[in-house]
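For reference, run.cif (mmCIF, C-alpha atoms and all ligand atoms):
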data_model
#
loop_
_atom_site.label_atom_id
_atom_site.label_comp_id
_atom_site.auth_asym_id
_atom_site.auth_seq_id
_atom_site.Cartn_x
_atom_site.Cartn_y
_atom_site.Cartn_z
CA MET A 953 -32.44 -61.97 20.21
CA PRO A 954 -30.52 -58.65 20.04
CA ASP A 955 -27.80 -58.22 22.63
CA VAL A 956 -27.31 -54.49 22.21
CA VAL A 957 -28.98 -53.10 25.31
CA LEU A 958 -27.40 -53.87 28.64
CA PRO A 959 -29.89 -53.81 31.50
CA GLU A 960 -28.99 -51.98 34.70
CA VAL A 961 -26.12 -53.81 36.47
CA VAL A 962 -25.90 -53.52 40.25
CA PRO A 963 -23.00 -54.73 42.40
CA VAL A 964 -24.23 -56.81 45.33
CA SER A 965 -21.35 -57.20 47.78
CA ALA A 966 -20.50 -60.60 49.23
CA PHE A 967 -17.82 -61.71 51.66
CA LYS A 968 -14.91 -59.30 51.97
CA ASP A 969 -14.41 -58.17 48.39
CA ASN A 970 -16.60 -60.22 46.01
CA TYR A 971 -19.17 -58.66 43.72
CA VAL A 972 -22.28 -60.56 42.66
CA TRP A 973 -23.14 -58.63 39.49
CA THR A 974 -26.91 -58.35 39.34
CA LEU A 975 -28.57 -57.52 36.02
CA ARG A 976 -32.07 -56.19 36.51
CA ASN A 977 -35.10 -54.42 35.18
CA ALA A 978 -38.26 -53.46 37.07
CA ARG A 979 -39.35 -57.06 37.69
CA HIS A 980 -36.54 -59.51 37.01
CA ALA A 981 -32.91 -60.06 37.89
CA ALA A 982 -30.11 -62.37 36.86
CA VAL A 983 -26.97 -62.81 38.93
CA VAL A 984 -23.37 -63.55 37.99
CA ASP A 985 -21.26 -65.58 40.44
CA PRO A 986 -23.43 -65.69 43.58
CA GLY A 987 -20.87 -66.97 46.07
CA ASP A 988 -23.27 -66.21 48.90
CA ALA A 989 -27.08 -66.38 48.66
CA ARG A 990 -27.92 -64.16 51.62
CA PRO A 991 -27.02 -60.71 50.22
CA VAL A 992 -28.65 -61.66 46.90
CA LEU A 993 -31.90 -62.80 48.55
CA GLU A 994 -31.94 -59.62 50.64
CA TYR A 995 -31.48 -57.48 47.53
CA LEU A 996 -34.18 -59.33 45.59
CA ALA A 997 -36.64 -59.06 48.48
CA ARG A 998 -35.93 -55.39 49.06
CA GLU A 999 -36.35 -54.57 45.36
CA LYS A 1000 -39.26 -57.01 44.85
CA LEU A 1001 -37.47 -58.77 42.01
CA GLN A 1002 -37.91 -62.23 40.63
CA LEU A 1003 -34.67 -64.11 39.94
CA CYS A 1004 -34.65 -65.43 36.35
CA ALA A 1005 -31.13 -66.81 35.73
CA ILE A 1006 -27.82 -67.60 37.38
CA LEU A 1007 -24.54 -67.32 35.49
CA ALA A 1008 -21.28 -68.75 36.85
CA THR A 1009 -17.79 -68.07 35.50
CA HIS A 1010 -15.91 -70.82 37.37
CA HIS A 1011 -16.28 -73.35 40.14
CA HIS A 1012 -14.67 -71.60 43.12
CA ALA A 1013 -16.93 -71.54 46.17
CA ASP A 1014 -16.84 -67.75 46.50
CA HIS A 1015 -18.50 -67.64 43.05
CA VAL A 1016 -21.00 -70.52 43.18
CA GLY A 1017 -21.44 -71.23 46.91
CA GLY A 1018 -24.84 -69.52 47.01
CA VAL A 1019 -26.38 -71.22 43.96
CA ALA A 1020 -28.03 -74.17 45.77
CA GLU A 1021 -29.73 -71.87 48.28
CA LEU A 1022 -30.98 -69.51 45.55
CA LEU A 1023 -32.48 -72.51 43.74
CA ARG A 1024 -34.51 -73.34 46.84
CA SER A 1025 -36.36 -70.03 46.38
CA PHE A 1026 -36.27 -69.71 42.56
CA ARG A 1027 -36.34 -72.46 39.95
CA VAL A 1028 -34.12 -70.85 37.32
CA PRO A 1029 -31.54 -71.99 34.76
CA VAL A 1030 -27.96 -72.12 35.99
CA TYR A 1031 -25.33 -71.49 33.30
CA GLY A 1032 -21.67 -72.27 33.89
CA PRO A 1033 -18.55 -73.85 32.46
CA ARG A 1034 -18.84 -77.27 30.91
CA GLY A 1035 -15.89 -79.14 32.33
CA GLU A 1036 -15.84 -77.80 35.88
CA PRO A 1037 -17.31 -79.58 38.89
CA ILE A 1038 -20.39 -77.46 39.63
CA GLU A 1039 -23.21 -79.76 40.75
CA THR A 1040 -25.94 -77.14 40.44
CA LEU A 1041 -25.44 -76.37 36.71
CA THR A 1042 -28.50 -76.95 34.56
CA HIS A 1043 -26.94 -75.50 31.36
CA PRO A 1044 -23.22 -76.28 30.94
CA VAL A 1045 -21.75 -73.93 28.31
CA SER A 1046 -18.46 -73.26 26.55
CA GLU A 1047 -16.98 -71.16 23.73
CA GLY A 1048 -19.45 -70.58 20.92
CA ASP A 1049 -22.55 -71.06 23.08
CA ARG A 1050 -25.01 -68.25 23.69
CA VAL A 1051 -26.84 -67.47 26.89
CA THR A 1052 -30.14 -65.68 26.39
CA ILE A 1053 -32.09 -64.11 29.22
CA PRO A 1054 -35.48 -63.27 27.66
CA GLU A 1055 -36.85 -61.62 30.83
CA LEU A 1056 -34.07 -59.00 30.55
CA GLY A 1057 -33.93 -58.85 26.74
CA VAL A 1058 -30.22 -59.58 26.66
CA SER A 1059 -27.95 -62.33 25.44
CA PHE A 1060 -24.27 -63.13 25.84
CA SER A 1061 -21.76 -65.18 23.99
CA VAL A 1062 -19.55 -67.51 25.99
CA LEU A 1063 -15.77 -67.23 25.78
CA ASP A 1064 -13.39 -69.90 27.09
CA ILE A 1065 -10.71 -68.17 29.15
CA PRO A 1066 -8.88 -70.94 31.07
CA GLY A 1067 -5.92 -70.34 33.39
CA HIS A 1068 -7.30 -69.31 36.79
CA THR A 1069 -9.29 -72.55 36.62
CA ARG A 1070 -9.28 -75.28 34.00
CA ALA A 1071 -12.47 -74.24 32.17
CA HIS A 1072 -13.13 -70.66 33.34
CA ILE A 1073 -15.54 -68.81 31.02
CA ALA A 1074 -16.60 -65.22 30.40
CA TYR A 1075 -19.95 -63.83 29.26
CA TYR A 1076 -19.73 -61.12 26.62
CA GLY A 1077 -22.58 -59.13 25.11
CA ALA A 1078 -24.32 -55.74 25.01
CA GLY A 1079 -20.92 -54.07 25.40
CA ALA A 1080 -20.22 -55.82 28.72
CA LEU A 1081 -17.81 -58.52 29.81
CA PHE A 1082 -18.31 -60.61 32.94
CA CYS A 1083 -14.90 -62.16 33.40
CA GLY A 1084 -14.87 -63.61 36.94
CA ASP A 1085 -11.33 -64.07 38.25
CA THR A 1086 -9.47 -63.94 34.93
CA LEU A 1087 -9.15 -60.22 34.20
CA PHE A 1088 -9.18 -57.83 37.16
CA ALA A 1089 -9.07 -54.06 37.14
CA CYS A 1090 -5.35 -53.39 36.71
CA GLY A 1091 -4.52 -57.05 37.32
CA CYS A 1092 -5.35 -60.66 36.53
CA GLY A 1093 -6.26 -63.79 38.44
CA ARG A 1094 -3.78 -66.23 39.87
CA VAL A 1095 -3.05 -69.27 37.74
CA PHE A 1096 -4.38 -72.15 39.85
CA GLU A 1097 -5.39 -74.94 37.48
CA GLY A 1098 -4.26 -73.93 34.01
CA THR A 1099 -0.85 -72.86 32.74
CA THR A 1100 0.54 -69.33 32.45
CA GLU A 1101 0.49 -69.87 28.65
CA GLN A 1102 -3.26 -70.52 28.84
CA MET A 1103 -3.80 -67.46 31.02
CA TYR A 1104 -1.82 -65.31 28.62
CA ALA A 1105 -3.82 -66.63 25.65
CA SER A 1106 -7.08 -65.96 27.54
CA LEU A 1107 -6.08 -62.35 28.22
CA GLU A 1108 -5.03 -61.92 24.57
CA LYS A 1109 -8.50 -63.11 23.58
CA LEU A 1110 -10.10 -60.46 25.82
CA LEU A 1111 -7.72 -57.82 24.42
CA ALA A 1112 -9.35 -58.28 21.02
CA LEU A 1113 -12.71 -56.97 22.32
CA PRO A 1114 -13.64 -53.30 21.71
CA ASP A 1115 -12.09 -50.63 23.97
CA ALA A 1116 -15.53 -49.46 25.13
CA THR A 1117 -16.34 -52.89 26.60
CA LYS A 1118 -17.36 -52.56 30.24
CA VAL A 1119 -15.32 -54.94 32.40
CA TYR A 1120 -17.14 -56.51 35.36
CA CYS A 1121 -14.64 -58.49 37.47
CA GLY A 1122 -15.34 -60.77 40.39
CA HIS A 1123 -13.46 -58.85 43.09
CA GLU A 1124 -12.64 -55.36 44.31
CA TYR A 1125 -8.85 -55.66 44.09
CA THR A 1126 -8.17 -52.49 42.15
CA LEU A 1127 -6.12 -50.39 44.57
CA ALA A 1128 -3.82 -53.26 45.54
CA ASN A 1129 -3.41 -54.11 41.86
CA ILE A 1130 -2.54 -50.51 41.05
CA GLY A 1131 0.16 -50.69 43.74
CA PHE A 1132 1.81 -53.53 41.86
CA ALA A 1133 1.21 -51.97 38.42
CA LYS A 1134 3.13 -48.88 39.62
CA ALA A 1135 6.10 -51.06 40.49
CA VAL A 1136 6.07 -52.40 36.91
CA GLU A 1137 5.42 -49.03 35.25
CA PRO A 1138 6.38 -46.17 37.59
CA ASP A 1139 6.11 -43.59 34.81
CA ASN A 1140 2.68 -44.50 33.42
CA GLY A 1141 0.64 -41.28 33.68
CA ALA A 1142 -2.69 -43.00 32.97
CA LEU A 1143 -2.00 -45.31 35.88
CA ALA A 1144 -1.32 -42.40 38.24
CA ALA A 1145 -4.58 -40.74 37.16
CA ARG A 1146 -6.45 -43.98 37.67
CA GLU A 1147 -5.06 -44.37 41.18
CA GLU A 1148 -6.21 -40.85 42.07
CA ARG A 1149 -9.75 -41.50 40.84
CA ASP A 1150 -10.11 -45.02 42.22
CA ARG A 1151 -8.74 -44.06 45.64
CA ARG A 1152 -11.43 -41.38 45.87
CA LEU A 1153 -14.12 -43.89 44.88
CA ARG A 1154 -12.98 -46.33 47.59
CA GLU A 1155 -12.86 -43.55 50.19
CA ARG A 1156 -16.54 -43.00 49.46
CA GLY A 1157 -17.22 -46.72 49.69
CA LEU A 1158 -17.97 -46.99 45.96
CA PRO A 1159 -16.83 -49.76 43.60
CA THR A 1160 -14.05 -49.02 41.13
CA LEU A 1161 -15.88 -51.28 38.66
CA PRO A 1162 -16.83 -51.62 35.93
CA SER A 1163 -13.74 -50.37 34.18
CA THR A 1164 -13.40 -50.37 30.40
CA LEU A 1165 -11.16 -52.52 28.30
CA GLY A 1166 -9.59 -49.36 26.87
CA GLU A 1167 -8.64 -48.29 30.38
CA GLU A 1168 -7.22 -51.74 31.11
CA LYS A 1169 -5.17 -51.57 27.92
CA ALA A 1170 -3.69 -48.28 29.13
CA THR A 1171 -2.97 -49.28 32.74
CA ASN A 1172 -3.08 -53.05 33.31
CA PRO A 1173 0.47 -54.46 33.08
CA PHE A 1174 -0.83 -57.95 32.28
CA LEU A 1175 -2.39 -56.57 29.09
CA ARG A 1176 0.72 -54.57 28.23
CA CYS A 1177 3.32 -57.29 27.72
CA ARG A 1178 4.50 -55.68 24.47
CA GLU A 1179 4.96 -52.18 25.95
CA PRO A 1180 8.66 -51.27 26.17
CA ALA A 1181 8.37 -50.16 29.83
CA VAL A 1182 6.72 -53.45 30.84
CA VAL A 1183 9.16 -55.51 28.79
CA GLN A 1184 12.03 -53.67 30.44
CA SER A 1185 10.71 -54.22 33.98
CA ALA A 1186 10.14 -57.91 33.26
CA SER A 1187 13.65 -58.18 31.87
CA LYS A 1188 15.03 -56.65 35.05
CA TYR A 1189 13.02 -59.14 37.10
CA LEU A 1190 14.47 -61.94 34.95
CA GLY A 1191 18.01 -60.77 35.67
CA GLY A 1192 18.54 -58.91 32.41
CA ARG A 1193 17.20 -61.56 30.06
CA MET A 1194 14.91 -60.29 27.27
CA ALA A 1195 11.75 -62.26 26.70
CA PRO A 1196 8.87 -62.51 24.20
CA PRO A 1197 5.44 -61.25 25.36
CA ALA A 1198 4.18 -64.58 26.75
CA GLN A 1199 7.27 -64.83 28.93
CA VAL A 1200 7.00 -61.18 29.93
CA PHE A 1201 3.53 -62.13 31.15
CA ALA A 1202 4.86 -65.17 33.04
CA ALA A 1203 7.56 -63.01 34.65
CA ILE A 1204 5.21 -60.31 35.93
CA ARG A 1205 2.66 -62.92 37.08
CA ASP A 1206 5.43 -64.55 39.13
CA TRP A 1207 6.59 -61.15 40.40
CA LYS A 1208 3.05 -60.25 41.49
CA ASN A 1209 2.75 -63.54 43.40
CA ARG A 1210 5.74 -62.48 45.49
CA PHE A 1211 4.89 -58.78 45.68
ZN ZN B 1301 -11.62 -67.92 41.62
#

Same coordinates, now as structure tokens:
Amino acid sequence: MPDVVLPEVVPVSAFKDNYVWTLRNARHAAVVDPGDARPVLEYLAREKLQLCAILATHHHADHVGGVAELLRSFRVPVYGPRGEPIETLTHPVSEGDRVTIPELGVSFSVLDIPGHTRAHIAYYGAGALFCGDTLFACGCGRVFEGTTEQMYASLEKLLALPDATKVYCGHEYTLANIGFAKAVEPDNGALAAREERDRRLRERGLPTLPSTLGEEKATNPFLRCREPAVVQSASKYLGGRMAPPAQVFAAIRDWKNRF
């Protein structure tokens, strides 16, 4: 099954700032992280689409809370992390597994990216990355169940993907994240340009996502722990102590928590 063609991906908004990424063609749709069933069911009804798969990145309720209700209307496979307590999973998956959605002609490989939760996963294929609450536009998720070392290793793993990779995150946090990123790197010109563009998108009520991995590499401080400006800001935060990249990451993650 080739994974080269990404179907159309539509953001269905849920709650205050969640996105349920909906992959679709003329007849079928698959959803990533349906925290709430209602907006998804409304979208499917309006577009006359048949749900064909559910993909979950981690067990938090704002990502899987709508699964049970969707299953009452559609009997479809539910993919999600092996090793997290999600009762509705029919296909537990982890690193090395592949998720194929024949109705949409697409398939994804599963990456283990723990840190935000113990067994958080991402789906990568057709030039797209669905990364839940691990990598955000210009930020990263909080470390709730794993360690900062795990989170850093997970982000390093994502860094190895091609720059053109489209990054579909679980939340619209971009402008707030850019606010923090500017505190870390006040002189980053790419960051200033990104703020300009993304502010305009939000003013028009449009999502700032997907971004690209290349853009994240240029502007996301959590992916820039080797950049002199980021190292220097982290060192300042640590009271002048110099630190290797993993500790630079830990320092700016801690700083962001208090920001
Ligand atoms: Zn979460």

Worksheet item: Counting only C-alpha atoms and all ligand atoms, which of A:Phe1088, A:Tyr1104, A:Tyr1189, A:Phe1211 gets nearest to ligand ZN 1301 (chain B)?
Response: A:Phe1088

Worksheet item: Counting all atoms listed in the file, what is within 6 Å of Ala1008 (chain A), bar same-chain residues fewer than 2 positions away, as a list of chain:residue names?
Response: A:Val984, A:Asp985, A:His1010, A:Gly1032

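Using only C-alpha atoms and all ligand atoms, the nearest neighbour of ligand ZN 1301 (chain B) within the list A:Lys968, A:Arg998, A:His1123, A:Arg990 is A:His1123.
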
Discussion item. What does the structure give for the distance between CA of His1011 (chain A) and CA of Thr1042 (chain A), in Å to one decimal?
Written reply: 13.9 Å

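Among the candidates A:Phe1060, A:Val1019, A:Gly1093, A:Asn977, the one nearest to ligand ZN 1301 (chain B) when counting all atoms listed in the file is A:Gly1093.
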
For Thr1117 (chain A), work out the shell of residues within 6 Å, counting only C-alpha atoms and skipping chain neighbours fewer than 5 positions away, then give it as a PDB file with C-alpha atoms, in the coordinates of the input.
ATOM      1  CA  GLY A1079     -20.920 -54.070  25.400  1.00  0.00           C
ATOM      2  CA  ALA A1080     -20.220 -55.820  28.720  1.00  0.00           C
ATOM      3  CA  THR A1164     -13.400 -50.370  30.400  1.00  0.00           C
ATOM      4  CA  LEU A1165     -11.160 -52.520  28.300  1.00  0.00           C
TER       5      LEU A1165
END

Worksheet entry | Pro1162 (chain A) environment, 12 Å, all atoms listed in the file, sequence neighbours closer than 3 positions dropped, as a PyMOL selection string | chain A and resi 961-963+971+973+1079-1083+1087-1090+1116-1124+1126+1150+1158-1159+1165-1168

Worksheet item: CA of Ile1073 (chain A) to CA of Asn970 (chain A): how many Å, to one decimal?
Response: 17.3 Å

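Comparing A:Gly1141, A:Pro1114, A:Gly1048, A:Pro1066 by their smallest distance to ligand ZN 1301 (chain B), the closest is A:Pro1066 (using all atoms listed in the file).
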
Surrounding residues as a short mmCIF file (atom, residue, chain, number, x, y, z; two decimals) with C-alpha atoms, in the frame of the given file, ligand ZN 1301 (chain B), max 7 Å, all atoms listed in the file:
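Output file part-v3.cif follows:
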data_model
loop_
_atom_site.label_atom_id
_atom_site.label_comp_id
_atom_site.auth_asym_id
_atom_site.auth_seq_id
_atom_site.Cartn_x
_atom_site.Cartn_y
_atom_site.Cartn_z
CA HIS A 1010 -15.91 -70.82 37.37
CA HIS A 1012 -14.67 -71.60 43.12
CA HIS A 1068 -7.30 -69.31 36.79
CA ASP A 1085 -11.33 -64.07 38.25
#

Worksheet entry | Two-atom distance - CA of Arg1070 (chain A), CA of Asn1172 (chain A) (Å) | 23.1 Å

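Residues lying within 10 Å of (-23.6, -60.6, 47.3). Counted over all atoms listed in the file, they are Pro963, Val964, Ser965, Ala966, Phe967, Lys968, Asp969, Asn970, Tyr971, Val972, Trp973, Thr974, Val983, Val984, Asp985, Pro986, Gly987, Asp988, Ala989, Arg990, Pro991, Val992, Leu993, Glu994, Tyr995, Asp1014, His1015 and Gly1018 of chain A.
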
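Proximity of A:Arg1205, A:Arg1094, A:Lys1109, A:Arg1176 to Gly1067 (chain A), computed with only C-alpha atoms, is greatest for A:Arg1094.
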
Discussion item. Would you pick out the contacts of Ala1135 (chain A) at 12 Å or less, using all atoms listed in the file, so that residues sharing its chain but fewer than 6 positions from it are not included, and give the list as a list in words?
Written reply: Ala1128, Asn1129, Leu1143, Ala1144, Asn1172, Pro1173, Ala1181, Val1182, Gln1184, Ser1185, Ala1186, Lys1188, Tyr1189, Ile1204, Trp1207, Lys1208 and Phe1211 of chain A

Fill in: Nearest to Val1028 (chain A), chosen from A:Gln1002, A:Thr1069, A:Ser1187, A:Thr1009, with only C-alpha atoms counted in the distances
A:Gln1002

Item to complete: Around the point (-36.9, -70.9, 39.5) in the file's coordinates, collect all residues with an atom within 10 Å, using only C-alpha atoms, and return them as number ranges by chain.
Response: A: 1002-1006, 1022-1030

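Within the 12 Å cut-off around region 1190-1193 of chain A, using all atoms listed in the file and omitting residues fewer than 6 positions from it on the same chain, the listed residues are Val1183, Gln1184, Gln1199, Val1200, Phe1201, Ala1202, Ala1203, Ile1204, Asp1206 and Trp1207 of chain A.
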
Dump of C-alpha atoms for the selected residues, as a compact mmCIF listing (two decimals), in the frame of the given file:
# COMPACT_ATOMS: atom_id res chain seq x y z
CA VAL A 1183 9.16 -55.51 28.79
CA GLN A 1184 12.03 -53.67 30.44
CA GLN A 1199 7.27 -64.83 28.93
CA VAL A 1200 7.00 -61.18 29.93
CA PHE A 1201 3.53 -62.13 31.15
CA ALA A 1202 4.86 -65.17 33.04
CA ALA A 1203 7.56 -63.01 34.65
CA ILE A 1204 5.21 -60.31 35.93
CA ASP A 1206 5.43 -64.55 39.13
CA TRP A 1207 6.59 -61.15 40.40

Can you tell me, as AutoDock Vina command-line options, the centre and edge lengths (Å, one decimal) of the axis-aligned box enclosing all of region 1124-1143 of chain A's listed atoms after padding each side by 5 Å?
--center_x -3.1 --center_y -48.5 --center_z 39.3 --size_x 29.0 --size_y 24.4 --size_z 22.6
